[in-house]
Structure formats: C-alpha cells, structure tokens
Amino acid sequence: MKGSDRLITALVACAFGILAVPAANAQAKPLPGPDTGKVYERLLKQIDRIPIYDNHSHASFPDDSDMDAEEAPPDMSSVMRLRETNPEFVTAAKSLFGYPYDDFQPGHAKWLIDKKKAAEKDSGTAYWDGILDKLNIETCLANRVALATYLDPKRFHWVFFVDSFLFPLDNRDQTGKNPDMGVYIPLQEKVLHRWMKQENVTAPPGDLAGYEAFVRQTVADNQKNGGVAMKFEAAYFRSLYFRDPPRDKAEAVYGRYHAGGVPSDEEYRTFQDYIFRVLIDQAGKLNLPVHFHSAVGIGDYFSLRNGNPLNLENVLRDPRYAKVKFVLIHGGYPYTLDMIWLTAAKNVYTDSSLMGYYVYPSELKNILKQWISLYPERIMFGSDAFPFNEAVGAEETFWLAVCSARTAVAAAVAELVSEGAFSEEKALELARMYLHDNAAKLYGVKP
C-alpha cells in the first residue's frame, strides 16, 4: 500500500471512529461534555493557588505623573466594563479594603479615597506589596517613566519607555495633527529631556553618530538602573510598520534639522525608522526584551490600522533580530488571532493585559482557549493595572484583571479537558505556564 493510500485509509477510519488506537483521549471532540462544570470547579481551586507573574502593569497612585510616558486625553470614551457603574469594582474594593458600601456615590467613594491617600502619605513599600499578596501576585512588571520609591524593586520590576528617542526634532507639526497628539507629544519631549539630563547632555548632539551614542548609552544605563525591558507606545503616534532606511538618509535629516527647522512627515518618518532600528539593535546587544503596545488604544484618534500587530511582521521576522525577545502587549486586541500566529516565531511573546478588564471572562476564555491550543509557550498574563480615577485605582484593576484571568483560563482548559484534548494534569501545567512560568523564564527567573 502506498503512503498516500495509508493516509487516506487512516483518515477514513478516524472519521468512522474505527482507528486502532486506545479509546481514552484518542480523538478530541468538537464540543465539551456535561462534565465541564465539575472539571472547571476542580481546576479553578488549584489555579487560584498559582502565583502570578504579571507581565504588564502601571502600578501607581493616581497623582503620580511617572506612571506612564503619556496621559489620557480629556473626555475620552470608555468601554462599558471600565465605567464606575460596573459593580465588579465595588466587589474589588470590598475584597481588598473591606469597603462598607454598595456603590461609588461621592460620599461613599470618599471613604475609599481617604484610605488610599493615607497609604500614599506613608510612602513605604508595604502597601503595594500587600496588594500583590492579596491577589497572589509574586512579581509585577511596572511600565513607568521611573520606578517609584513606594514600589518594592524586589516585587516590581521596571519597564522603561523609549518612544521619546523618536522625537528629538521640532515637533510642532506632529503636535498639531489632532488633539490627542497635542497631549502626547509634549509628554514625549519631557521624557527625552529627562533622559538628556540623566546623561548630562545639554542639547541634541551635533551629528547622528552622537545622537546614536546618546540613545544607546541611555538604554544601557536604564538597564543598569534596574530596567528589565524597554517599551514602545509608538502605535499612539504612528504606524507600527517601520521601514529599514539607509543610515545616510537618516543622517541627512538629523543634520538638517537637529538645530532647528520643521521636518516634513516623510523626513521625520525616515529618521524615526532608522532610530527605531538602532534601539532594537541595542536591545539585542543587551539581551533586553522589547515590549510593544499592540492593540486598541485610548483617545478619540487612535488608529486601529496603525496599531495592528501585523505591521511589525517585517521586524519580528528579520534574521538580524532573531535573538531579540519581542513581547506584544495586550494580545493585539482585537486582532488576537493574528497575534498568536506571530508568536510562531520562538522569540515572540504576547500577553492578555488590557483584555482582562476590557472584555468579560466568557470572551477572554475564548481567546485563551485559542492561544493555548496553538502556542501555549509564548503567552503570558498581564494585568495592565492602571488608576482610572481616585476611587477606581490600579488596586481595583489589578483585582479585576486577576480574577478574570484565573476564571477564564480555568474555563478554557476545562473545556479542552472535557473535549479530550489533554488531561487535567496537563491543564494545570498550561495554566501555570500562562500565569507564571512563561514570563519567569523570559525574564530569567527559575520557575
């Protein structure tokens, strides 16, 4: 019998359920069975005990300007689950603080706000360590301009922003593109001046070689100061498609405009594309993971097309960067299926941050089920904990993201167990990879 004939015979036998293999777990079923609920309850009890390695957060008090390199534009719209009317936030406040009320009416919310402000005045690290302890979070990556003194560096590891290096020229045209950019770009300029002060640079270097040296040294110094990864929020400013221009073109732009004058959009993009490549190259030399915002964003002018993670494919698949670890934050939402196929490359990872409080656990379950079924070694939990206001702070968004993720991953693997994809033992292994082990391995921590 020819090989092709044997294959056809095997497929036919499989279709009719007569393939000669052990019956137990021999063929995954297309639908979960009636035992799914009981499997879910058994798994959730054990999944709740798994310590979390949080790949992405903005752990902060709401009045800390270093929580991010940008801030939300005024009067932006918010998804339903993030509105104060969501009763889950009340449940979070009750769980974390013993909140005695059932709503966030101003008089009631003041009880919670006062409690948090008292903790902020204390300025010690015990408060935020305590929040992690209550949620069984072992380690948390904090995306911040600088790590706050109230965050314990043993628990909170610093991810620093590098977008500001893309904006050293006259930015008046960039700032004027829309109201969102009018908020974002001045903040990028502020961060760049901060790095210049850190490196004792009083003015933009006189040539591109000098600017490249400044960029590389700042990144190296930030790593020495505790940075475990660099972060791009570039999707807020431009397309994530970065070309690969020759150095002489970028040199001409920098030489023409570093001391004054407004570059055209095409000239500025050429310069940015080149400096982006300098940053990626430096990350590879330093063995420093590179994070990208790769999902829907805040503001009324965020471009879904510009933020599509497929724009990064030419960078992620570039042989020059095969040793660079890329982390696509927020799972590319809503492009979550595109995202998981990008992680087919062994140096590309993603996380579920933002999704844990944008969508409800039933939808997160579907996304995680798909991811786990494809590349479970490259997916990670992320909270994207962020203080939305004085009452609904990073504490409550930590709680919401953690509870959503634990229940969603338990439901996802429970369905797969019931369908015959794998055993409950394997399900717990996969849940632990997602919640802890994949991130711990990426950042050099022994699981």
# chains A, B, ... in the order shown; residues from 1 in each chain; ligands from 1
>>> residues_around(residues="region 220-222 of chain A", least_positions_apart="6", cutoff="10 Å", atoms="only C-alpha atoms", output="list in words")
Ala146, Trp158, Val159, Phe160, Phe161, Trp195, Gln198, Glu199, Phe214, Val228, Ala229, Met230, Gln282, Ala283, Lys285, Leu286 and Leu288 of chain A
>>> residues_around(residues="region 383-389 of chain A", least_positions_apart="2", cutoff="6 Å", atoms="only C-alpha atoms", output="PyMOL selection string")
chain A and resi 56-58+62+353-354+391-394+397-398+401
>>> write_last_selection(atoms="N, CA, C and O atoms", output="PDB file, in the first residue's frame")
ATOM      1  N   HIS A  56       2.648  42.982  32.732  1.00  0.00           N
ATOM      2  CA  HIS A  56       2.416  44.369  32.332  1.00  0.00           C
ATOM      3  C   HIS A  56       1.457  45.075  33.287  1.00  0.00           C
ATOM      4  O   HIS A  56       0.318  44.651  33.460  1.00  0.00           O
ATOM      5  N   SER A  57       1.933  46.166  33.886  1.00  0.00           N
ATOM      6  CA  SER A  57       1.069  46.983  34.738  1.00  0.00           C
ATOM      7  C   SER A  57       1.570  48.415  34.733  1.00  0.00           C
ATOM      8  O   SER A  57       2.679  48.713  34.269  1.00  0.00           O
ATOM      9  N   HIS A  58       0.741  49.283  35.255  1.00  0.00           N
ATOM     10  CA  HIS A  58       1.127  50.673  35.544  1.00  0.00           C
ATOM     11  C   HIS A  58       0.827  50.924  37.025  1.00  0.00           C
ATOM     12  O   HIS A  58       0.073  51.841  37.377  1.00  0.00           O
ATOM     13  N   PRO A  62      -2.875  57.569  41.668  1.00  0.00           N
ATOM     14  CA  PRO A  62      -3.374  58.319  40.508  1.00  0.00           C
ATOM     15  C   PRO A  62      -2.708  59.665  40.266  1.00  0.00           C
ATOM     16  O   PRO A  62      -2.771  60.184  39.151  1.00  0.00           O
ATOM     17  N   SER A 353      -2.880  41.334  28.855  1.00  0.00           N
ATOM     18  CA  SER A 353      -3.161  42.588  29.558  1.00  0.00           C
ATOM     19  C   SER A 353      -4.155  43.426  28.764  1.00  0.00           C
ATOM     20  O   SER A 353      -4.239  43.326  27.543  1.00  0.00           O
ATOM     21  N   LEU A 354      -4.881  44.273  29.478  1.00  0.00           N
ATOM     22  CA  LEU A 354      -5.962  45.100  28.955  1.00  0.00           C
ATOM     23  C   LEU A 354      -7.214  44.274  28.696  1.00  0.00           C
ATOM     24  O   LEU A 354      -8.315  44.647  29.117  1.00  0.00           O
ATOM     25  N   ALA A 391     -11.010  56.852  42.966  1.00  0.00           N
ATOM     26  CA  ALA A 391     -11.721  55.728  43.586  1.00  0.00           C
ATOM     27  C   ALA A 391     -11.360  54.411  42.925  1.00  0.00           C
ATOM     28  O   ALA A 391     -10.963  53.446  43.585  1.00  0.00           O
ATOM     29  N   VAL A 392     -11.490  54.353  41.601  1.00  0.00           N
ATOM     30  CA  VAL A 392     -11.140  53.137  40.851  1.00  0.00           C
ATOM     31  C   VAL A 392      -9.676  53.243  40.446  1.00  0.00           C
ATOM     32  O   VAL A 392      -9.332  53.853  39.430  1.00  0.00           O
ATOM     33  N   GLY A 393      -8.823  52.676  41.275  1.00  0.00           N
ATOM     34  CA  GLY A 393      -7.393  52.799  41.069  1.00  0.00           C
ATOM     35  C   GLY A 393      -6.769  51.546  40.488  1.00  0.00           C
ATOM     36  O   GLY A 393      -7.455  50.602  40.075  1.00  0.00           O
ATOM     37  N   ALA A 394      -5.440  51.547  40.470  1.00  0.00           N
ATOM     38  CA  ALA A 394      -4.727  50.366  39.994  1.00  0.00           C
ATOM     39  C   ALA A 394      -5.046  49.155  40.858  1.00  0.00           C
ATOM     40  O   ALA A 394      -5.010  48.017  40.385  1.00  0.00           O
ATOM     41  N   THR A 397      -8.194  47.605  39.447  1.00  0.00           N
ATOM     42  CA  THR A 397      -7.976  46.996  38.128  1.00  0.00           C
ATOM     43  C   THR A 397      -7.051  45.789  38.217  1.00  0.00           C
ATOM     44  O   THR A 397      -7.178  44.852  37.425  1.00  0.00           O
ATOM     45  N   PHE A 398      -6.106  45.780  39.167  1.00  0.00           N
ATOM     46  CA  PHE A 398      -5.360  44.547  39.455  1.00  0.00           C
ATOM     47  C   PHE A 398      -6.345  43.413  39.768  1.00  0.00           C
ATOM     48  O   PHE A 398      -6.259  42.318  39.210  1.00  0.00           O
ATOM     49  N   ALA A 401      -8.495  42.252  36.706  1.00  0.00           N
ATOM     50  CA  ALA A 401      -7.730  41.506  35.711  1.00  0.00           C
ATOM     51  C   ALA A 401      -7.344  40.124  36.219  1.00  0.00           C
ATOM     52  O   ALA A 401      -7.408  39.131  35.480  1.00  0.00           O
TER      53      ALA A 401
END
>>> select_by_dssp(residues="region 40-197 of chain A", states="strand (DSSP E or B)", output="PyMOL selection string")
chain A and resi 52-57+137-143+156-161
>>> closest_atom_pairs(of="region 300-402 of chain A", to="region 39-50 of chain A", cutoff="12 Å", atoms="only C-alpha atoms", output="JSON lines")
{"residue": "A:Lys365", "atom": "CA", "partner": "A:Tyr40", "partner_atom": "CA", "distance": 11.9}
{"residue": "A:Phe381", "atom": "CA", "partner": "A:Ile50", "partner_atom": "CA", "distance": 12.0}
{"residue": "A:Val402", "atom": "CA", "partner": "A:Asp48", "partner_atom": "CA", "distance": 9.7}
>>> select_by_dssp(residues="region 353-391 of chain A", states="helix (DSSP H, G or I)", output="ChimeraX atom specification")
/A:355-358,361-374,376-378
>>> closest_residue(among="A:Gly382, A:Gly255, A:Pro263, A:Pro51", to="Arg432 (chain A)", atoms="only C-alpha atoms")
A:Pro51
>>> closest_residue(among="A:Tyr241, A:His330, A:Thr336, A:Pro361", to="Leu316 (chain A)", atoms="only C-alpha atoms")
A:Tyr241
>>> closest_atom_pairs(of="region 236-255 of chain A", to="region 289-298 of chain A", cutoff="12 Å", atoms="only C-alpha atoms", output="CSV")
residue,atom,partner,partner_atom,distance
A:Tyr236,CA,A:Gly297,CA,7.1
A:Phe237,CA,A:Gly297,CA,10.8
A:Arg238,CA,A:His293,CA,11.9
A:Ser239,CA,A:Ser294,CA,10.6
A:Leu240,CA,A:Ser294,CA,8.4
A:Tyr241,CA,A:Ser294,CA,11.6
>>> residues_around(residues="Tyr301 (chain A)", least_positions_apart="3", cutoff="12 Å", atoms="only C-alpha atoms", output="list of chain:residue names")
A:Ala72, A:Pro73, A:Met76, A:Ser77, A:Lys177, A:Asn178, A:Pro179, A:Asp180, A:Met181, A:Gly182, A:Val183, A:Tyr184, A:Ala235, A:Tyr236, A:Phe237, A:Arg238, A:Val296, A:Gly297, A:Ile298, A:Leu304, A:Arg305, A:Asn306, A:Gly307
>>> write_last_selection(atoms="N, CA and C atoms", output="CSV table (one decimal), in the first residue's frame")
chain,number,residue,atom,x,y,z
A,72,ALA,N,-4.1,60.2,29.4
A,72,ALA,CA,-5.3,60.1,28.7
A,72,ALA,C,-5.8,61.4,28.2
A,73,PRO,N,-6.2,61.6,27.0
A,73,PRO,CA,-6.8,62.8,26.5
A,73,PRO,C,-8.1,63.1,27.3
A,76,MET,N,-12.3,61.3,26.9
A,76,MET,CA,-12.3,60.1,26.0
A,76,MET,C,-13.4,59.1,26.4
A,77,SER,N,-13.9,58.4,25.5
A,77,SER,CA,-14.9,57.4,25.7
A,77,SER,C,-14.3,56.2,26.4
A,177,LYS,N,-1.3,67.6,14.8
A,177,LYS,CA,-2.1,66.6,13.9
A,177,LYS,C,-3.5,66.4,14.4
A,178,ASN,N,-3.7,66.3,15.7
A,178,ASN,CA,-5.0,66.1,16.3
A,178,ASN,C,-4.9,66.4,17.8
A,179,PRO,N,-6.1,66.5,18.5
A,179,PRO,CA,-6.0,66.8,19.9
A,179,PRO,C,-5.3,65.8,20.8
A,180,ASP,N,-5.3,64.5,20.4
A,180,ASP,CA,-4.6,63.5,21.2
A,180,ASP,C,-3.1,63.8,21.1
A,181,MET,N,-2.6,64.0,19.9
A,181,MET,CA,-1.2,64.3,19.7
A,181,MET,C,-0.8,65.5,20.4
A,182,GLY,N,-1.7,66.5,20.5
A,182,GLY,CA,-1.4,67.7,21.3
A,182,GLY,C,-1.1,67.4,22.8
A,183,VAL,N,-1.7,66.3,23.3
A,183,VAL,CA,-1.4,65.8,24.6
A,183,VAL,C,-0.1,65.0,24.7
A,184,TYR,N,0.0,64.0,23.7
A,184,TYR,CA,1.1,63.0,23.8
A,184,TYR,C,2.5,63.6,23.5
A,235,ALA,N,2.4,53.0,18.6
A,235,ALA,CA,1.1,52.9,17.9
A,235,ALA,C,0.2,54.1,18.2
A,236,TYR,N,0.5,54.8,19.3
A,236,TYR,CA,-0.3,56.0,19.6
A,236,TYR,C,0.1,57.2,18.7
A,237,PHE,N,1.3,57.1,18.1
A,237,PHE,CA,1.8,58.3,17.3
A,237,PHE,C,1.9,58.0,15.8
A,238,ARG,N,2.0,56.8,15.4
A,238,ARG,CA,2.3,56.5,14.0
A,238,ARG,C,2.1,55.0,13.8
A,296,VAL,N,-5.9,48.0,20.5
A,296,VAL,CA,-6.7,49.2,20.5
A,296,VAL,C,-6.1,50.1,21.6
A,297,GLY,N,-6.3,51.4,21.4
A,297,GLY,CA,-5.7,52.4,22.4
A,297,GLY,C,-6.7,53.4,22.8
A,298,ILE,N,-6.4,54.2,23.8
A,298,ILE,CA,-7.3,55.2,24.3
A,298,ILE,C,-7.3,56.4,23.4
A,304,LEU,N,-6.7,52.1,14.6
A,304,LEU,CA,-6.7,50.6,14.7
A,304,LEU,C,-5.7,50.0,13.6
A,305,ARG,N,-5.7,50.6,12.4
A,305,ARG,CA,-4.9,50.1,11.4
A,305,ARG,C,-3.4,50.3,11.7
A,306,ASN,N,-3.1,51.5,12.3
A,306,ASN,CA,-1.7,51.7,12.7
A,306,ASN,C,-1.2,50.8,13.8
A,307,GLY,N,-2.1,50.4,14.7
A,307,GLY,CA,-1.8,49.6,15.8
A,307,GLY,C,-1.9,48.1,15.6
>>> closest_residue(among="A:Ala213, A:Glu363, A:Gly284, A:Lys249", to="Val201 (chain A)", atoms="only C-alpha atoms")
A:Ala213
>>> closest_residue(among="A:Ala411, A:Val79, A:Leu435, A:Leu342", to="Asn366 (chain A)", atoms="only C-alpha atoms")
A:Ala411
>>> closest_residue(among="A:Phe326, A:Arg256, A:Glu377, A:Thr218", to="His436 (chain A)", atoms="only C-alpha atoms")
A:Glu377
>>> closest_residue(among="A:Glu84, A:Glu266, A:Asp281, A:Asp54", to="Tyr321 (chain A)", atoms="only C-alpha atoms")
A:Asp281
>>> atom_distance(atom1="CA of Thr139 (chain A)", atom2="CA of Phe156 (chain A)")
6.1 Å
>>> residues_around(residues="Tyr335 (chain A)", least_positions_apart="2", cutoff="8 Å", atoms="only C-alpha atoms", output="list in words")
Ala295, Asn308, Pro309, Gly331, Gly332, Tyr333, Leu337, Asp338 and Met339 of chain A
>>> write_last_selection(atoms="C-alpha atoms", output="CSV table (one decimal), in the first residue's frame")
chain,number,residue,atom,x,y,z
A,295,ALA,CA,-3.9,46.7,20.5
A,308,ASN,CA,-2.3,46.3,14.0
A,309,PRO,CA,0.5,43.9,15.2
A,331,GLY,CA,-2.6,40.4,22.8
A,332,GLY,CA,-3.1,42.6,19.7
A,333,TYR,CA,-6.7,43.0,20.7
A,337,LEU,CA,-5.9,35.5,16.1
A,338,ASP,CA,-3.3,37.4,14.1
A,339,MET,CA,-1.3,37.9,17.2
>>> residues_around(residues="Pro32 (chain A)", least_positions_apart="3", cutoff="9 Å", atoms="only C-alpha atoms", output="list of chain:residue names")
A:Lys29, A:Asp35, A:Thr36, A:Ala414, A:Glu415, A:Leu416, A:Val417, A:Ser418, A:Glu419, A:Gly420
